[in-house]
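Visitor: Attaching a single structure in structure tokens format; questions to follow.
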Amino acid sequence: MGRKIFRSTSKTVIRILLREVPWLYKHFGYLLDDHDVTKFMTDVTRDTIQYRKQNNISRHDFIDTLIDLKDNPDKLGVNNVTDAFIAAQSFVFFAAGFETSSSTMSYAMYELAQNQSIQDKVREEIKEVLNNDDGVILYENIKKMSYLEKIFQETLRKYPPVMYLTRKPITNYTFEGTKIDIRKGQQVIIPTYAIHHDPNIYPNPEVFDPERFTPENMKQRNPMYHLPFGDGPRNCIGN
């Protein structure tokens with residue numbers, strides 16, 4: 001099912017383009033939806049919640065959060081928590097962790113295969129950290145691997161999970177010191193890939209260089225120049 005969600009077809013392309021014309025998508029977009037995917041996610045989520053409630057199962061995970069939300073909608077100010085709403089949240093959680101994780105790891109492995117010196121350096125770091133902790137792989141140990149972190153940050157720069165981000169302002173906004181206005185409800189497209197490959201920001205952008213993400217180099221750049229998962233309260237949960 002994960003592969004089907006991200007499989008690119010002519011229908012997928014048409015659906016993406018149609019979303020840029022909201023009034024048209026509102027009337028015809030449903031014809032292009034993958035209804036079997038929608039039904040699968042709705043059925044799995046509903047059946048899982050029902051099973052846990054009937055058997056009094058609690059695992060302190062995302063499903064438990066959804067159950068709590070459904071039983072106490074006032075916590076987030078949501079008046080009508082339907083099965084469709086719950087399924088939509090499950091879909092986003094599933095999709096965000098499926099493609100982004102696999103593609104990032106694949107690209108990282110590719111770059112390591114292409115850059116022997118970088119591969120050797122991160123191998124030494126991993127061995128050193130694990131040797132100091134009896135070879136046990138824990139979250140705390142992984143956080144100590146600073147060079148590995150740089151590699152993933154550089155991978156996300158060179159191969160961002162999405163080519164662009166979209167935002168829609170809820171109020172009118174004028175950029176300070178300019179006459180550039182963004183009207184309420186106007187869709188704004190942020191070209192993530194173009195920013196990540198701008199040579200004025202990242203010299204030799206096609207070169208894989210984890211050193212771009214040393215603390216010193218990061219301080220010299222605007223944090224908004226690295227947006228693999230967006231930013232702010234609505235950034236991707238994949239972050």
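We label chains A, B, ... in the order they appear in the structure tokens, count residues from 1 in each chain, and number ligands from 1 in the order shown.
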Within 6 Å of region 77-91 of chain A, counting only C-alpha atoms, which residues show up once you throw out same-chain ones fewer than 5 positions away? Write them as a VMD selection string, please.

Guide: chain A and resid 41 to 42 45 70

Visitor: So which residues touch Ile170 (chain A) within 12 Å, counting only C-alpha atoms, skipping near sequence neighbours fewer than 4 positions away, as JSON, numbers by chain?

Guide: {"A": [182, 183, 184, 185, 186, 187, 188]}

Visitor: My list of candidates is A:Asn200, A:Thr100, A:Thr174, A:Asn141. Which is closest to Glu125 (chain A) when distances are computed with only C-alpha atoms?

Guide: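 Using only C-alpha atoms, the shortest distance to Glu125 (chain A) belongs to A:Asn141.
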
Visitor: Figure out the distance between CA of Ile63 (chain A) and CA of Lys75 (chain A), please, to one decimal in Å.

Guide: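 Rounded to one decimal, the two atoms are 16.0 Å apart.
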
Visitor: Let me make sure I understand: among A:Ile142, A:Leu24, A:Met105, A:Leu156, which one has the smallest atom-to-atom distance to Leu227 (chain A) if we use only C-alpha atoms?

Guide: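 Looking at the shortest contact to Leu227 (chain A), the residue is A:Leu156.
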
Visitor: For CA of Asp33 (chain A) and CA of Ile16 (chain A), determine how far apart the two atoms are, in Å to one decimal place.

Guide: 10.8 Å

Visitor: Could you list, as a PDB file with N, CA and C atoms, in the first residue's frame, every residue within 9 Å of Arg15 (chain A), counting only C-alpha atoms and ignoring same-chain residues fewer than 2 positions away?

Guide:
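Contents of the output file part_9.pdb:
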ATOM      1  N   SER A  10      -0.128   8.939 -14.563  1.00  0.00           N
ATOM      2  CA  SER A  10      -0.679  10.117 -15.236  1.00  0.00           C
ATOM      3  C   SER A  10      -1.796  10.728 -14.401  1.00  0.00           C
ATOM      4  N   LYS A  11      -2.541   9.881 -13.711  1.00  0.00           N
ATOM      5  CA  LYS A  11      -3.626  10.376 -12.864  1.00  0.00           C
ATOM      6  C   LYS A  11      -3.073  11.182 -11.692  1.00  0.00           C
ATOM      7  N   THR A  12      -1.929  10.753 -11.164  1.00  0.00           N
ATOM      8  CA  THR A  12      -1.296  11.483 -10.067  1.00  0.00           C
ATOM      9  C   THR A  12      -0.887  12.877 -10.509  1.00  0.00           C
ATOM     10  N   VAL A  13      -0.284  12.967 -11.685  1.00  0.00           N
ATOM     11  CA  VAL A  13       0.161  14.260 -12.212  1.00  0.00           C
ATOM     12  C   VAL A  13      -1.026  15.186 -12.431  1.00  0.00           C
ATOM     13  N   LEU A  17      -1.775  18.842 -10.551  1.00  0.00           N
ATOM     14  CA  LEU A  17      -2.008  20.071 -11.316  1.00  0.00           C
ATOM     15  C   LEU A  17      -3.387  20.640 -11.034  1.00  0.00           C
ATOM     16  N   LEU A  18      -4.362  19.762 -10.885  1.00  0.00           N
ATOM     17  CA  LEU A  18      -5.733  20.213 -10.658  1.00  0.00           C
ATOM     18  C   LEU A  18      -5.878  20.909  -9.309  1.00  0.00           C
ATOM     19  N   ARG A  19      -5.045  20.538  -8.346  1.00  0.00           N
ATOM     20  CA  ARG A  19      -5.107  21.166  -7.026  1.00  0.00           C
ATOM     21  C   ARG A  19      -4.715  22.637  -7.071  1.00  0.00           C
ATOM     22  N   TYR A  25     -10.864  21.645  -8.665  1.00  0.00           N
ATOM     23  CA  TYR A  25     -10.573  20.433  -7.904  1.00  0.00           C
ATOM     24  C   TYR A  25     -11.734  20.077  -6.973  1.00  0.00           C
ATOM     25  N   GLY A  29     -12.045  16.767  -8.352  1.00  0.00           N
ATOM     26  CA  GLY A  29     -10.888  16.115  -7.753  1.00  0.00           C
ATOM     27  C   GLY A  29     -11.167  14.724  -7.233  1.00  0.00           C
ATOM     28  N   LEU A  32     -10.384  11.604  -9.232  1.00  0.00           N
ATOM     29  CA  LEU A  32      -8.994  11.185  -9.414  1.00  0.00           C
ATOM     30  C   LEU A  32      -8.392  10.563  -8.165  1.00  0.00           C
ATOM     31  N   ASP A  33      -9.134  10.549  -7.068  1.00  0.00           N
ATOM     32  CA  ASP A  33      -8.618   9.989  -5.827  1.00  0.00           C
ATOM     33  C   ASP A  33      -8.487   8.470  -5.932  1.00  0.00           C
TER      34      ASP A  33
END

Visitor: When distances are computed from only C-alpha atoms, which of A:Thr104, A:Asp68, A:Ile57, A:Thr38 shows the smallest separation from Pro161 (chain A)?

Guide: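 Comparing A:Thr104, A:Asp68, A:Ile57, A:Thr38 against Pro161 (chain A), the winner is A:Thr104.
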
Visitor: Run DSSP on the backbone of this structure and report the residues of region 22-224 of chain A it assigns to alpha helix (DSSP H), as a ChimeraX atom specification.

Guide: /A:22-28,35-54,62-71,83-114,116-132,139-143,146-158,192-196,215-219
